[in-house]
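Have a look at protein.txt below; it lists compact mmCIF, C-alpha atoms.
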# COMPACT_ATOMS: atom_id res chain seq x y z
CA MET A 1 10.43 -29.62 0.99
CA GLY A 2 8.76 -32.90 0.31
CA GLY A 3 5.08 -33.49 -0.18
CA VAL A 4 2.25 -33.64 2.25
CA ALA A 5 4.39 -34.71 5.18
CA SER A 6 6.62 -31.68 4.78
CA GLY A 7 3.49 -29.57 4.35
CA ALA A 8 2.23 -30.73 7.71
CA VAL A 9 5.61 -30.04 9.26
CA LEU A 10 5.64 -26.57 7.75
CA ARG A 11 2.17 -25.81 9.06
CA GLU A 12 3.20 -26.95 12.54
CA ALA A 13 6.29 -24.81 12.28
CA SER A 14 4.19 -21.80 11.33
CA VAL A 15 1.92 -22.41 14.34
CA ALA A 16 4.95 -22.77 16.58
CA SER A 17 6.47 -19.61 15.15
CA VAL A 18 4.00 -17.21 16.72
CA PRO A 19 6.66 -15.75 19.06
CA VAL A 20 8.91 -15.26 16.02
CA GLU A 21 6.15 -13.21 14.39
CA ALA A 22 5.86 -11.18 17.57
CA THR A 23 9.59 -10.56 17.44
CA LEU A 24 9.21 -9.55 13.82
CA GLY A 25 6.69 -6.96 15.00
CA GLU A 26 9.19 -5.63 17.54
CA LEU A 27 11.91 -5.54 14.91
CA ALA A 28 9.56 -3.71 12.56
CA ARG A 29 8.95 -1.04 15.19
CA ARG A 30 12.68 -0.51 15.63
CA ALA A 31 13.61 -0.89 11.97
CA SER A 32 12.72 2.62 10.83
CA ARG A 33 15.59 4.04 12.94
CA ASP A 34 17.81 1.09 13.68
CA ASP A 35 19.86 -0.26 10.76
CA SER A 36 20.72 -3.55 12.43
CA ALA A 37 17.03 -4.20 13.15
CA PHE A 38 16.26 -3.48 9.51
CA ARG A 39 18.97 -5.91 8.44
CA GLU A 40 17.59 -8.61 10.73
CA LEU A 41 14.09 -7.96 9.49
CA TYR A 42 15.30 -8.29 5.92
CA ASP A 43 17.07 -11.57 6.68
CA ARG A 44 13.86 -12.98 8.10
CA ILE A 45 11.56 -12.02 5.26
CA LYS A 46 13.83 -12.10 2.21
CA ARG A 47 13.30 -15.74 1.22
CA PRO A 48 9.50 -15.97 1.35
CA ILE A 49 8.98 -12.53 -0.18
CA TYR A 50 11.57 -12.94 -2.92
CA SER A 51 10.31 -16.43 -3.75
CA PHE A 52 6.76 -15.11 -3.96
CA LEU A 53 7.82 -12.28 -6.28
CA TYR A 54 9.91 -14.58 -8.44
CA ARG A 55 7.02 -17.04 -8.78
CA MET A 56 4.76 -14.15 -9.77
CA VAL A 57 6.98 -12.71 -12.52
CA GLY A 58 9.30 -15.59 -13.46
CA HIS A 59 12.29 -13.37 -14.09
CA ARG A 60 15.20 -12.81 -11.76
CA GLY A 61 15.94 -9.20 -12.68
CA GLU A 62 12.31 -8.16 -12.42
CA ALA A 63 11.86 -10.06 -9.17
CA GLU A 64 14.86 -8.25 -7.70
CA GLU A 65 13.52 -4.88 -8.77
CA LEU A 66 10.14 -5.70 -7.28
CA MET A 67 11.88 -6.88 -4.12
CA GLN A 68 13.57 -3.49 -3.80
CA GLU A 69 10.31 -1.70 -4.45
CA THR A 70 8.53 -3.84 -1.87
CA LEU A 71 11.25 -3.27 0.73
CA MET A 72 11.14 0.47 0.18
CA LYS A 73 7.36 0.45 0.59
CA VAL A 74 7.76 -1.61 3.75
CA HIS A 75 10.37 0.85 5.04
CA ARG A 76 8.24 3.90 4.25
CA ASN A 77 5.10 2.46 5.80
CA LEU A 78 6.57 0.89 8.93
CA GLY A 79 4.83 3.54 10.99
CA ARG A 80 1.41 2.49 9.67
CA LEU A 81 1.86 -1.16 10.61
CA ASN A 82 -0.98 -2.38 12.75
CA SER A 83 0.64 -4.16 15.69
CA GLU A 84 -1.99 -6.92 15.64
CA GLU A 85 -1.20 -7.71 12.06
CA SER A 86 1.33 -10.37 11.12
CA PHE A 87 4.36 -8.54 9.77
CA LEU A 88 5.12 -11.19 7.16
CA GLY A 89 1.48 -11.16 6.03
CA TRP A 90 1.67 -7.38 5.70
CA CYS A 91 4.84 -7.72 3.59
CA PHE A 92 3.14 -10.35 1.42
CA SER A 93 0.25 -7.98 0.88
CA ILE A 94 2.60 -5.19 -0.26
CA ALA A 95 4.56 -7.61 -2.44
CA ARG A 96 1.38 -8.95 -4.03
CA ASN A 97 0.06 -5.49 -4.88
CA THR A 98 3.46 -4.47 -6.24
CA ALA A 99 3.73 -7.59 -8.38
CA ILE A 100 0.18 -7.37 -9.72
CA SER A 101 0.49 -3.71 -10.68
CA HIS A 102 3.86 -4.48 -12.31
CA LEU A 103 2.29 -7.30 -14.31
CA ARG A 104 -0.61 -5.05 -15.30
CA ARG A 105 1.88 -2.45 -16.62
CA ARG A 106 3.89 -5.12 -18.37
CA LYS A 107 0.81 -6.72 -19.94
CA ALA A 108 1.20 -4.73 -23.14
CA VAL A 109 4.65 -6.18 -23.76
CA PRO A 110 4.66 -9.80 -22.58
CA GLU A 111 8.04 -11.23 -21.68
CA PRO A 112 9.14 -14.07 -23.91
CA LEU A 113 9.30 -17.41 -22.09
CA ASP A 114 13.01 -17.64 -22.85
CA GLU A 115 13.51 -14.89 -20.34
CA ILE A 116 12.57 -17.20 -17.50
CA SER A 117 15.69 -17.73 -15.48
CA GLU A 118 15.40 -20.12 -12.59
CA PRO A 119 18.23 -19.28 -10.22
CA THR A 120 20.61 -22.12 -9.61
CA GLY A 121 22.17 -22.66 -6.22
CA PRO A 122 25.39 -24.51 -5.51
CA PHE A 123 23.51 -27.78 -4.93
CA ALA A 124 21.04 -27.44 -7.76
CA ASN A 125 21.53 -29.99 -10.46
CA GLN A 126 20.64 -29.62 -14.09
CA ALA A 127 17.53 -31.87 -13.95
CA ALA A 128 16.10 -30.05 -10.94
CA THR A 129 16.67 -26.71 -12.64
CA GLU A 130 14.89 -27.90 -15.77
CA VAL A 131 11.92 -29.11 -13.71
CA ALA A 132 11.83 -25.79 -11.90
CA ILE A 133 11.82 -23.89 -15.19
CA ASP A 134 8.98 -26.06 -16.49
CA LEU A 135 6.92 -25.57 -13.35
CA GLN A 136 7.56 -21.85 -13.46
CA ARG A 137 6.34 -21.76 -17.06
CA ILE A 138 3.19 -23.56 -15.98
CA LEU A 139 2.66 -21.02 -13.21
CA LEU A 140 3.04 -18.14 -15.64
CA GLU A 141 0.25 -19.58 -17.76
CA ILE A 142 -2.45 -18.78 -15.22
CA PRO A 143 -3.74 -15.26 -14.51
CA PRO A 144 -1.74 -13.29 -11.89
CA ARG A 145 -4.67 -13.13 -9.48
CA TYR A 146 -4.90 -16.94 -9.31
CA ARG A 147 -1.13 -17.30 -9.49
CA SER A 148 -0.77 -15.29 -6.31
CA MET A 149 -3.41 -17.47 -4.66
CA PHE A 150 -1.59 -20.62 -5.70
CA VAL A 151 1.78 -19.37 -4.51
CA LEU A 152 0.43 -18.19 -1.15
CA GLY A 153 -1.83 -21.18 -0.50
CA VAL A 154 0.11 -24.08 -2.00
CA LEU A 155 3.77 -23.07 -2.12
CA GLU A 156 3.99 -20.75 0.88
CA GLN A 157 1.28 -22.68 2.73
CA ARG A 158 -0.17 -19.63 4.43
CA GLU A 159 -3.42 -20.12 6.29
CA TYR A 160 -6.63 -19.10 4.52
CA ALA A 161 -7.43 -16.49 7.15
CA GLU A 162 -4.04 -14.87 6.57
CA ILE A 163 -4.46 -15.02 2.78
CA ALA A 164 -7.83 -13.32 3.24
CA ARG A 165 -6.08 -10.50 5.13
CA ILE A 166 -3.30 -10.31 2.54
CA THR A 167 -5.63 -10.14 -0.43
CA GLY A 168 -8.50 -8.26 1.23
CA LYS A 169 -10.96 -11.00 0.27
CA SER A 170 -13.46 -12.99 2.26
CA LEU A 171 -12.56 -16.43 3.56
CA ALA A 172 -15.09 -18.03 1.20
CA ALA A 173 -13.59 -16.17 -1.79
CA VAL A 174 -10.09 -17.29 -0.80
CA LYS A 175 -11.25 -20.89 -0.55
CA THR A 176 -12.87 -20.74 -3.98
CA ASP A 177 -9.95 -18.91 -5.61
CA ILE A 178 -7.32 -21.32 -4.28
CA HIS A 179 -9.32 -24.26 -5.53
CA ARG A 180 -9.81 -22.58 -8.90
CA ALA A 181 -6.07 -21.80 -9.05
CA ARG A 182 -5.23 -25.45 -8.33
CA GLU A 183 -7.58 -26.57 -11.10
CA MET A 184 -6.04 -24.10 -13.56
CA VAL A 185 -2.49 -25.16 -12.70
CA ARG A 186 -3.43 -28.81 -12.99
CA ASP A 187 -5.01 -28.27 -16.40
CA VAL A 188 -1.91 -26.49 -17.70
CA TRP A 189 0.32 -29.10 -16.09
CA ILE A 190 -1.51 -31.95 -17.82
CA ARG A 191 -1.51 -30.10 -21.13
CA PHE A 192 2.16 -29.26 -20.74
CA TYR A 193 3.30 -32.84 -20.17
CA ASP A 194 0.80 -34.36 -22.62
CA HIS A 195 2.14 -32.22 -25.46
CA GLY A 196 5.74 -32.65 -24.47
CA ARG A 197 7.84 -30.19 -22.50
CA GLY A 198 8.75 -26.75 -23.66
CA GLY A 199 6.49 -24.01 -24.76
CA GLU A 200 3.53 -26.06 -26.05
CA ALA A 201 1.55 -25.26 -22.95
CA ARG A 202 0.76 -21.97 -24.51
CA MET B 1 -21.46 -35.61 1.42
CA THR B 2 -22.11 -35.43 -2.31
CA CYS B 3 -19.40 -35.64 -4.96
CA LYS B 4 -19.95 -31.96 -5.80
CA GLU B 5 -19.39 -30.92 -2.18
CA ALA B 6 -16.34 -33.15 -1.92
CA ARG B 7 -14.78 -31.76 -5.11
CA SER B 8 -15.22 -28.18 -3.98
CA GLY B 9 -13.68 -29.04 -0.60
CA ILE B 10 -10.57 -30.80 -1.90
CA SER B 11 -8.31 -27.74 -1.64
CA ALA B 12 -9.50 -26.91 1.85
CA TYR B 13 -8.93 -30.57 2.81
CA LEU B 14 -5.39 -30.59 1.42
CA ASP B 15 -4.60 -27.28 3.10
CA GLY B 16 -5.92 -28.45 6.47
CA GLU B 17 -8.68 -25.85 6.43
CA LEU B 18 -11.66 -28.18 6.84
CA ALA B 19 -13.37 -28.40 10.20
CA LEU B 20 -13.01 -31.74 11.98
CA ASP B 21 -16.53 -32.93 11.13
CA ALA B 22 -16.24 -31.94 7.49
CA ARG B 23 -12.86 -33.62 7.32
CA ARG B 24 -14.29 -36.89 8.64
CA GLU B 25 -17.14 -36.73 6.17
CA PHE B 26 -14.66 -36.06 3.38
CA ASP B 27 -12.51 -39.05 4.41
CA LEU B 28 -15.58 -41.29 4.43
CA HIS B 29 -16.69 -40.05 1.01
CA VAL B 30 -13.27 -40.54 -0.56
CA GLU B 31 -13.12 -44.11 0.77
CA VAL B 32 -16.29 -45.06 -1.10
CA CYS B 33 -16.05 -42.77 -4.16
CA ALA B 34 -13.17 -43.83 -6.39
CA GLU B 35 -13.52 -40.85 -8.71
CA CYS B 36 -13.25 -38.28 -5.93
CA GLY B 37 -10.36 -40.32 -4.57
CA ARG B 38 -8.56 -40.01 -7.90
CA GLU B 39 -9.27 -36.30 -7.99
CA LEU B 40 -7.79 -35.92 -4.51
CA ASP B 41 -4.71 -37.93 -5.53
CA SER B 42 -4.14 -35.81 -8.61
CA PHE B 43 -4.25 -32.57 -6.60
CA ARG B 44 -2.00 -34.10 -3.97
CA ALA B 45 0.50 -35.07 -6.65
CA LEU B 46 0.30 -31.55 -8.06
CA ASP B 47 1.08 -30.05 -4.65
CA ASP B 48 3.98 -32.45 -4.13
CA GLU B 49 5.43 -31.74 -7.54
CA PHE B 50 5.30 -27.96 -7.11
CA ARG B 51 6.54 -27.90 -3.53
CA ARG B 52 9.43 -30.20 -4.36
CA GLY B 53 10.22 -28.60 -7.70
CA LEU B 54 9.98 -24.95 -6.66
CA PRO B 55 12.01 -24.45 -3.49
CA GLU B 56 12.37 -21.10 -1.75
CA LEU B 57 14.85 -18.77 -3.40
CA GLU B 58 17.44 -16.39 -2.04
CA PRO B 59 17.73 -12.88 -3.50
CA HIS B 60 21.12 -11.66 -4.64
CA PRO B 61 23.04 -9.78 -1.88
CA SER B 62 23.14 -6.67 -4.07
CA VAL B 63 19.38 -6.27 -3.54
CA PHE B 64 19.86 -5.39 0.11
CA ALA B 65 22.82 -3.14 -0.67
CA ARG B 66 20.67 -1.15 -3.11
CA VAL B 67 17.84 -0.96 -0.59
CA VAL B 68 20.22 0.41 2.04
CA GLU B 69 21.36 3.02 -0.46
CA MET B 70 17.80 4.00 -1.34
CA ARG B 71 16.93 4.13 2.34
CA ALA B 72 19.77 6.55 3.04
CA HIS B 73 18.63 8.68 0.11
CA ASP B 74 15.09 8.57 1.46
CA ARG B 75 16.28 9.76 4.85
CA VAL B 76 18.04 12.78 3.36
CA TRP B 77 14.83 13.72 1.60
CA LEU B 78 12.85 13.14 4.75
CA VAL B 79 15.09 15.61 6.61
CA ARG B 80 14.70 18.13 3.77
CA TRP B 81 10.94 17.75 3.75
CA ARG B 82 10.76 18.19 7.51
CA LEU B 83 12.89 21.30 7.30
CA ALA B 84 10.74 22.69 4.51
CA TRP B 85 7.63 21.92 6.53
CA ILE B 86 8.97 23.70 9.61
CA VAL B 87 10.02 26.77 7.61
CA GLY B 88 6.67 26.82 5.81
CA THR B 89 4.70 26.55 9.04
CA ALA B 90 6.77 29.29 10.65
CA ALA B 91 6.17 31.56 7.64
CA VAL B 92 2.42 30.95 7.77
CA VAL B 93 2.32 31.66 11.51
CA PHE B 94 4.38 34.85 11.09
CA LEU B 95 2.30 36.18 8.21
CA SER B 96 -0.97 35.37 10.01
CA ALA B 97 0.25 37.19 13.09
CA PHE B 98 1.41 40.19 11.04
CA PHE B 99 -1.80 40.61 9.08
CA GLY B 100 -3.92 39.82 12.13
CA MET B 101 -2.23 42.57 14.12
CA ARG B 102 -2.63 44.92 11.20
CA GLN B 103 -6.35 44.24 11.02
CA ILE B 104 -6.70 44.83 14.75
CA GLU B 105 -4.85 48.12 14.44
CA ILE B 106 -7.07 49.21 11.54
CA GLY B 107 -10.15 48.33 13.59
CA ARG B 108 -8.87 50.43 16.48
CA GLN B 109 -8.28 53.39 14.21
CA GLN B 110 -11.76 53.06 12.77
CA GLU B 111 -13.31 53.00 16.20
CA ALA B 112 -11.30 56.08 17.21
CA ILE B 113 -12.50 57.93 14.13
CA LEU B 114 -16.11 57.00 14.78
CA ARG B 115 -15.84 58.02 18.43
CA GLU B 116 -14.45 61.34 17.34
CA ILE B 117 -17.25 61.86 14.83
CA ASP B 118 -19.81 60.97 17.47
CA SER B 119 -18.31 63.54 19.81
CA PHE B 120 -18.99 66.47 17.42
CA GLN B 121 -21.58 68.82 18.87
CA THR B 122 -22.69 70.37 15.60
CA PRO B 123 -23.09 68.77 12.20
CA ARG B 124 -19.79 68.91 10.39
CA ARG B 125 -18.68 67.56 7.16
CA VAL B 126 -16.07 64.94 7.76
CA THR B 127 -14.01 64.17 4.82
CA ASN B 128 -12.12 61.16 3.87
CA VAL B 129 -8.93 63.09 4.22
CA PHE B 130 -9.78 63.89 7.79
CA ALA B 131 -10.72 60.42 8.72
CA LEU B 132 -7.93 58.40 7.27
CA SER B 133 -4.23 58.31 7.53
CA ARG B 134 -2.38 58.32 4.27
CA PHE B 135 -1.50 54.73 4.81
CA GLU B 136 -5.14 53.79 5.27
CA GLN B 137 -6.29 55.77 2.27
CA ARG B 138 -3.73 54.09 0.20
CA ASN B 139 -4.24 50.61 1.48
CA ASN B 140 -7.77 50.13 2.61
CA PRO B 141 -10.12 52.94 1.62
CA PHE B 142 -12.94 50.63 0.61
CA VAL B 143 -13.30 49.04 4.03
CA TYR B 144 -13.39 52.46 5.63
CA ASP B 145 -15.96 53.82 3.21
CA LYS B 146 -18.20 50.85 3.62
CA ARG B 147 -17.99 50.75 7.35
CA VAL B 148 -18.36 54.44 7.99
CA ASN B 149 -21.04 54.88 5.35
CA SER B 150 -23.06 52.15 6.94
CA ARG B 151 -23.21 54.12 10.17
CA ARG B 152 -23.08 57.81 9.35
CA ASN B 153 -22.63 58.20 5.68
CA THR B 154 -19.62 60.22 6.70
CA PHE B 155 -17.71 59.56 3.58
CA ALA B 156 -20.51 60.14 1.15
CA PRO B 157 -19.39 61.60 -2.15
CA ALA B 158 -19.75 65.27 -2.94
CA GLY B 159 -23.55 65.52 -2.75
CA PRO B 160 -26.63 63.50 -1.84
CA ALA B 161 -27.97 61.00 -4.32
CA GLN B 162 -30.80 62.08 -6.57
CA GLY B 163 -34.10 62.39 -4.70
CA GLU B 164 -32.37 62.03 -1.34
CA LYS B 165 -32.41 64.58 1.43
CA PRO B 166 -29.10 66.26 2.21
CA VAL B 167 -27.17 64.19 4.69
CA SER B 168 -26.14 65.51 8.01
CA TYR B 169 -22.68 64.54 9.02
CA GLY B 170 -21.93 63.37 12.54
CA GLY B 171 -23.22 64.41 15.87
CA GLN B 172 -26.84 63.39 15.22
CA ARG B 173 -28.24 60.51 17.21
Kindly transcribe the structure held in the file into structure tokens.
Amino acid sequence: MGGVASGAVLREASVASVPVEATLGELARRASRDDSAFRELYDRIKRPIYSFLYRMVGHRGEAEELMQETLMKVHRNLGRLNSEESFLGWCFSIARNTAISHLRRRKAVPEPLDEISEPTGPFANQAATEVAIDLQRILLEIPPRYRSMFVLGVLEQREYAEIARITGKSLAAVKTDIHRAREMVRDVWIRFYDHGRGGEAR
Amino acid sequence: MTCKEARSGISAYLDGELALDARREFDLHVEVCAECGRELDSFRALDDEFRRGLPELEPHPSVFARVVEMRAHDRVWLVRWRLAWIVGTAAVVFLSAFFGMRQIEIGRQQEAILREIDSFQTPRRVTNVFALSRFEQRNNPFVYDKRVNSRRNTFAPAGPAQGEKPVSYGGQR
């Protein structure tokens, strides 16, 4: 992904992917009984949902546990899915609630920053991994509520109307929260790089 | 557009959520206001940095394997719950039918007793023993007493209450 240009491309892709969402809805209807449909559904949603969860908690093991929890909730509530609703948006909403309640439970015992473990793929180089770890640390500095807004609005580039459905907020509140989240992230980002990398952001 | 309005609209502008008119106004403002332009550039750089630096991630394959396992486990429990629900419903229906029929039968017996009492030509003392089967005496004497007493005072205890006239039993309209 690269910058504004890629952002525009992504947004176009999401507009063009309306039939894919419809197919996701069909898959979701079949998935409660059909294993192959469930598998296909999982393949379609795993990357955005897992990325969202990882960005929220910053720890691979926890993100995987939350992913399982989210998938089980999705599986158990497939029957309640409103057909007009975007399936991916519905999954994001479940993932967000799961992550926020997990973080609320975990609040008493904060994870040390050393626990952050940015996954490395076969093509990931050391520098990119270090940057990713730094950015993840910055994300973890802001409150979960704004973090989820930042991840959905900036990283996942979901539309505001969809974020409003996901979070159950008004469009105006979403607009304000995303802007506030950007400001918070920028402040931490500046502080982080001004004071030198690694832990001083706190 | 004022600087304050422009600043609050930067995110919506970057996310393509501004209406066409507002977008034009924003573009015009940023062209003339260097400070707002710098603000926009800094947010744009932030977006670029995060989107480039934090790509989408792939969960470990074991996640799906565990979900499949949990799903199978869930299904077993679902079958058990359904079975329990069916058995429970059947039990409730059976018991309701049983006790309902019993109540109807008791009602019939009561009516028969009252009809019999009504048919007496002369006043006669009707005792509890006469009126009720052993089963009824044992199981439901209170209902009988109440019901019959309310109509004829048939099952009144040994004598009339203090200050009350002697009761005549049955046959009097």
Within 8 Å of stretch 55-59 of chain A using all atoms listed in the file, minus same-chain residues under 2 positions, as a ChimeraX atom specification
/A:51-53,61-63,99,103,115-118,136-137,139-140,144,147-148,151
Do me a favour and pick out the residues of chain A within 9 Å of chain B, using all atoms listed in the file, as a PDB file with C-alpha atoms, in the frame of the given file.
ATOM      1  CA  MET A   1      10.430 -29.620   0.990  1.00  0.00           C
ATOM      2  CA  GLY A   2       8.760 -32.900   0.310  1.00  0.00           C
ATOM      3  CA  GLY A   3       5.080 -33.490  -0.180  1.00  0.00           C
ATOM      4  CA  VAL A   4       2.250 -33.640   2.250  1.00  0.00           C
ATOM      5  CA  GLY A   7       3.490 -29.570   4.350  1.00  0.00           C
ATOM      6  CA  ALA A   8       2.230 -30.730   7.710  1.00  0.00           C
ATOM      7  CA  ARG A  11       2.170 -25.810   9.060  1.00  0.00           C
ATOM      8  CA  ASP A  35      19.860  -0.260  10.760  1.00  0.00           C
ATOM      9  CA  ARG A  39      18.970  -5.910   8.440  1.00  0.00           C
ATOM     10  CA  TYR A  42      15.300  -8.290   5.920  1.00  0.00           C
ATOM     11  CA  LYS A  46      13.830 -12.100   2.210  1.00  0.00           C
ATOM     12  CA  ARG A  47      13.300 -15.740   1.220  1.00  0.00           C
ATOM     13  CA  PRO A  48       9.500 -15.970   1.350  1.00  0.00           C
ATOM     14  CA  TYR A  50      11.570 -12.940  -2.920  1.00  0.00           C
ATOM     15  CA  SER A  51      10.310 -16.430  -3.750  1.00  0.00           C
ATOM     16  CA  PHE A  52       6.760 -15.110  -3.960  1.00  0.00           C
ATOM     17  CA  TYR A  54       9.910 -14.580  -8.440  1.00  0.00           C
ATOM     18  CA  ARG A  55       7.020 -17.040  -8.780  1.00  0.00           C
ATOM     19  CA  ARG A  60      15.200 -12.810 -11.760  1.00  0.00           C
ATOM     20  CA  ALA A  63      11.860 -10.060  -9.170  1.00  0.00           C
ATOM     21  CA  GLU A  64      14.860  -8.250  -7.700  1.00  0.00           C
ATOM     22  CA  GLU A  65      13.520  -4.880  -8.770  1.00  0.00           C
ATOM     23  CA  MET A  67      11.880  -6.880  -4.120  1.00  0.00           C
ATOM     24  CA  GLN A  68      13.570  -3.490  -3.800  1.00  0.00           C
ATOM     25  CA  GLU A  69      10.310  -1.700  -4.450  1.00  0.00           C
ATOM     26  CA  LEU A  71      11.250  -3.270   0.730  1.00  0.00           C
ATOM     27  CA  MET A  72      11.140   0.470   0.180  1.00  0.00           C
ATOM     28  CA  HIS A  75      10.370   0.850   5.040  1.00  0.00           C
ATOM     29  CA  ARG A  76       8.240   3.900   4.250  1.00  0.00           C
ATOM     30  CA  PRO A 119      18.230 -19.280 -10.220  1.00  0.00           C
ATOM     31  CA  GLY A 121      22.170 -22.660  -6.220  1.00  0.00           C
ATOM     32  CA  ALA A 128      16.100 -30.050 -10.940  1.00  0.00           C
ATOM     33  CA  THR A 129      16.670 -26.710 -12.640  1.00  0.00           C
ATOM     34  CA  VAL A 131      11.920 -29.110 -13.710  1.00  0.00           C
ATOM     35  CA  ALA A 132      11.830 -25.790 -11.900  1.00  0.00           C
ATOM     36  CA  ILE A 133      11.820 -23.890 -15.190  1.00  0.00           C
ATOM     37  CA  LEU A 135       6.920 -25.570 -13.350  1.00  0.00           C
ATOM     38  CA  GLN A 136       7.560 -21.850 -13.460  1.00  0.00           C
ATOM     39  CA  GLY A 153      -1.830 -21.180  -0.500  1.00  0.00           C
ATOM     40  CA  VAL A 154       0.110 -24.080  -2.000  1.00  0.00           C
ATOM     41  CA  LEU A 155       3.770 -23.070  -2.120  1.00  0.00           C
ATOM     42  CA  GLU A 156       3.990 -20.750   0.880  1.00  0.00           C
ATOM     43  CA  GLN A 157       1.280 -22.680   2.730  1.00  0.00           C
ATOM     44  CA  ARG A 158      -0.170 -19.630   4.430  1.00  0.00           C
ATOM     45  CA  GLU A 159      -3.420 -20.120   6.290  1.00  0.00           C
ATOM     46  CA  TYR A 160      -6.630 -19.100   4.520  1.00  0.00           C
ATOM     47  CA  LYS A 175     -11.250 -20.890  -0.550  1.00  0.00           C
ATOM     48  CA  THR A 176     -12.870 -20.740  -3.980  1.00  0.00           C
ATOM     49  CA  ILE A 178      -7.320 -21.320  -4.280  1.00  0.00           C
ATOM     50  CA  HIS A 179      -9.320 -24.260  -5.530  1.00  0.00           C
ATOM     51  CA  ARG A 182      -5.230 -25.450  -8.330  1.00  0.00           C
ATOM     52  CA  GLU A 183      -7.580 -26.570 -11.100  1.00  0.00           C
ATOM     53  CA  VAL A 185      -2.490 -25.160 -12.700  1.00  0.00           C
ATOM     54  CA  ARG A 186      -3.430 -28.810 -12.990  1.00  0.00           C
ATOM     55  CA  TRP A 189       0.320 -29.100 -16.090  1.00  0.00           C
TER      56      TRP A 189
END
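A straight line drawn from atom CA of A:Ile190 to atom CA of A:Phe150 is 16.6 Å long.
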In Å to one decimal, how far is atom CA of B:Leu18 from atom CA of A:Tyr146?
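Pair atom CA of A:Tyr146 / atom CA of B:Leu18 returns 20.8 Å.
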Just give me the gap between atom CA of A:Ala161 and atom CA of A:Arg105 in Å, one decimal is fine.
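Here the two named atoms are 29.1 Å from each other.
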Atom completion result for stretch 159-163 of chain A (all heavy atoms) as a JSON list (two decimals), in the frame of the given file:
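What ended up in selection-v4.json:
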[["chain", "number", "residue", "atom", "x", "y", "z"],
["A", 159, "GLU", "N", -2.05, -19.75, 5.93],
["A", 159, "GLU", "CA", -3.42, -20.12, 6.29],
["A", 159, "GLU", "C", -4.43, -19.27, 5.51],
["A", 159, "GLU", "O", -4.12, -18.13, 5.15],
["A", 159, "GLU", "CB", -3.62, -19.92, 7.79],
["A", 159, "GLU", "CG", -2.94, -21.01, 8.59],
["A", 159, "GLU", "CD", -3.00, -20.77, 10.07],
["A", 159, "GLU", "OE1", -3.76, -19.89, 10.51],
["A", 159, "GLU", "OE2", -2.27, -21.46, 10.79],
["A", 160, "TYR", "N", -5.63, -19.82, 5.32],
["A", 160, "TYR", "CA", -6.63, -19.10, 4.52],
["A", 160, "TYR", "C", -6.99, -17.75, 5.15],
["A", 160, "TYR", "O", -7.20, -16.76, 4.44],
["A", 160, "TYR", "CB", -7.90, -19.95, 4.35],
["A", 160, "TYR", "CG", -7.77, -21.08, 3.34],
["A", 160, "TYR", "CD1", -6.54, -21.40, 2.78],
["A", 160, "TYR", "CD2", -8.89, -21.81, 2.94],
["A", 160, "TYR", "CE1", -6.43, -22.42, 1.86],
["A", 160, "TYR", "CE2", -8.78, -22.84, 2.01],
["A", 160, "TYR", "CZ", -7.54, -23.14, 1.48],
["A", 160, "TYR", "OH", -7.43, -24.16, 0.56],
["A", 161, "ALA", "N", -7.07, -17.75, 6.47],
["A", 161, "ALA", "CA", -7.43, -16.49, 7.15],
["A", 161, "ALA", "C", -6.38, -15.42, 6.86],
["A", 161, "ALA", "O", -6.70, -14.24, 6.64],
["A", 161, "ALA", "CB", -7.55, -16.73, 8.64],
["A", 162, "GLU", "N", -5.12, -15.84, 6.84],
["A", 162, "GLU", "CA", -4.04, -14.87, 6.57],
["A", 162, "GLU", "C", -4.09, -14.43, 5.10],
["A", 162, "GLU", "O", -3.91, -13.24, 4.80],
["A", 162, "GLU", "CB", -2.69, -15.50, 6.89],
["A", 162, "GLU", "CG", -1.59, -14.45, 6.91],
["A", 162, "GLU", "CD", -0.22, -15.00, 7.21],
["A", 162, "GLU", "OE1", -0.09, -16.21, 7.44],
["A", 162, "GLU", "OE2", 0.73, -14.20, 7.18],
["A", 163, "ILE", "N", -4.37, -15.38, 4.21],
["A", 163, "ILE", "CA", -4.46, -15.02, 2.78],
["A", 163, "ILE", "C", -5.61, -14.04, 2.58],
["A", 163, "ILE", "O", -5.53, -13.11, 1.78],
["A", 163, "ILE", "CB", -4.64, -16.28, 1.91],
["A", 163, "ILE", "CG1", -3.40, -17.16, 2.05],
["A", 163, "ILE", "CG2", -4.84, -15.91, 0.44],
["A", 163, "ILE", "CD1", -3.50, -18.50, 1.35]]
